[in-house]
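Trainee: Starting off with a structure, shown below.
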Amino acid sequence: MSNSDKAKKPKFTLEFKQDAAKLVLEKGYTHQQASDSLGVSLSALGRWVRAERKPVSVAIGKNQPLNLAEQSELARLRKENEQLRLERDIIKKAAVFFAKELG
């Protein structure tokens with residue numbers, strides 16, 4: 001089976017994931033009801049709900065789980081950070097090259 005034959009994993013927006021989690025957390029839907037009505041897998045919905053659920057007790061010095069918005073922001077910042085590292089490395093190499101040319 002080639003890669004093109006495999007089913008594509010659907011991409012859901014952050015807003016969709018948050019709204020889906022709110023159905024369970026605020027509107028009283030069961031996981032199964034929300035999953036069926038939205039056409040998403042039960043496991044995906046469960047992950048979204050866990051991500052949006054606030055921790056009951058916050059232990060000092062312990063890492064808190066990130067909600068969906070924070071996960072999205074973290075992914076964006078990591079990607080931006082990698083891009084900036086690449087640009088910095090290119091500039092460093094260019095500086096060395098031009099220093100040799102002028103020297």
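Ordering of the structure tokens sets the chain letters (A, B, ...); residue numbers start at 1 within each chain; ligands are numbered from 1 in the order shown.
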Would you pick out the contacts of region 34-38 of chain A at 7 Å or less, using only C-alpha atoms, so that residues sharing its chain but fewer than 4 positions from it are not included, and give the list as a list of chain:residue names?
Mentor: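 Everything that qualifies: A:Leu23, A:Val24, A:Tyr29, A:Thr30, A:Leu42, A:Leu45.
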Trainee: What is the CA of Ala69 (chain A) to CA of Arg88 (chain A) distance in Å?
Mentor: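 These two atoms are separated by 28.4 Å.
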Trainee: Step one, run DSSP on the backbone; step two, keep only residues of region 14-96 of chain A assigned to helix (DSSP H, G or I); then write them as a PyMOL selection string.
Mentor: chain A and resi 14-25+31-38+42-52+68-96
Trainee: Applying 10 Å and only C-alpha atoms, which residues near region 70-81 of chain A remain after dropping the ones on its own chain fewer than 6 positions away? List them as JSON, numbers by chain.
Mentor: {"A": [13, 14, 51, 52, 87]}
Trainee: Convert the current residue selection to file output with N, CA, C and O atoms, as a PDB file, in the first residue's frame.
Mentor:
ATOM      1  N   THR A  13      -8.985  22.681  13.402  1.00  0.00           N
ATOM      2  CA  THR A  13      -8.476  23.951  13.910  1.00  0.00           C
ATOM      3  C   THR A  13      -8.512  23.953  15.429  1.00  0.00           C
ATOM      4  O   THR A  13      -9.246  23.175  16.058  1.00  0.00           O
ATOM      5  N   LEU A  14      -7.715  24.841  16.000  1.00  0.00           N
ATOM      6  CA  LEU A  14      -7.687  25.006  17.449  1.00  0.00           C
ATOM      7  C   LEU A  14      -9.076  25.355  17.964  1.00  0.00           C
ATOM      8  O   LEU A  14      -9.535  24.808  18.974  1.00  0.00           O
ATOM      9  N   ALA A  51      -6.862  18.126  27.535  1.00  0.00           N
ATOM     10  CA  ALA A  51      -6.013  19.304  27.352  1.00  0.00           C
ATOM     11  C   ALA A  51      -6.701  20.575  27.850  1.00  0.00           C
ATOM     12  O   ALA A  51      -6.051  21.476  28.365  1.00  0.00           O
ATOM     13  N   GLU A  52      -8.004  20.653  27.707  1.00  0.00           N
ATOM     14  CA  GLU A  52      -8.744  21.847  28.118  1.00  0.00           C
ATOM     15  C   GLU A  52      -9.126  21.829  29.601  1.00  0.00           C
ATOM     16  O   GLU A  52      -9.387  22.867  30.177  1.00  0.00           O
ATOM     17  N   GLU A  87      18.608  31.095  10.539  1.00  0.00           N
ATOM     18  CA  GLU A  87      19.019  32.403  10.021  1.00  0.00           C
ATOM     19  C   GLU A  87      20.290  32.892  10.707  1.00  0.00           C
ATOM     20  O   GLU A  87      21.191  33.431  10.057  1.00  0.00           O
TER      21      GLU A  87
END
Trainee: As an exercise, work out the distance from CA of Ala20 (chain A) to CA of Asn63 (chain A) in Å and give it to one decimal place.
Mentor: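 Result for CA of Ala20 (chain A) versus CA of Asn63 (chain A): 24.9 Å, one decimal.
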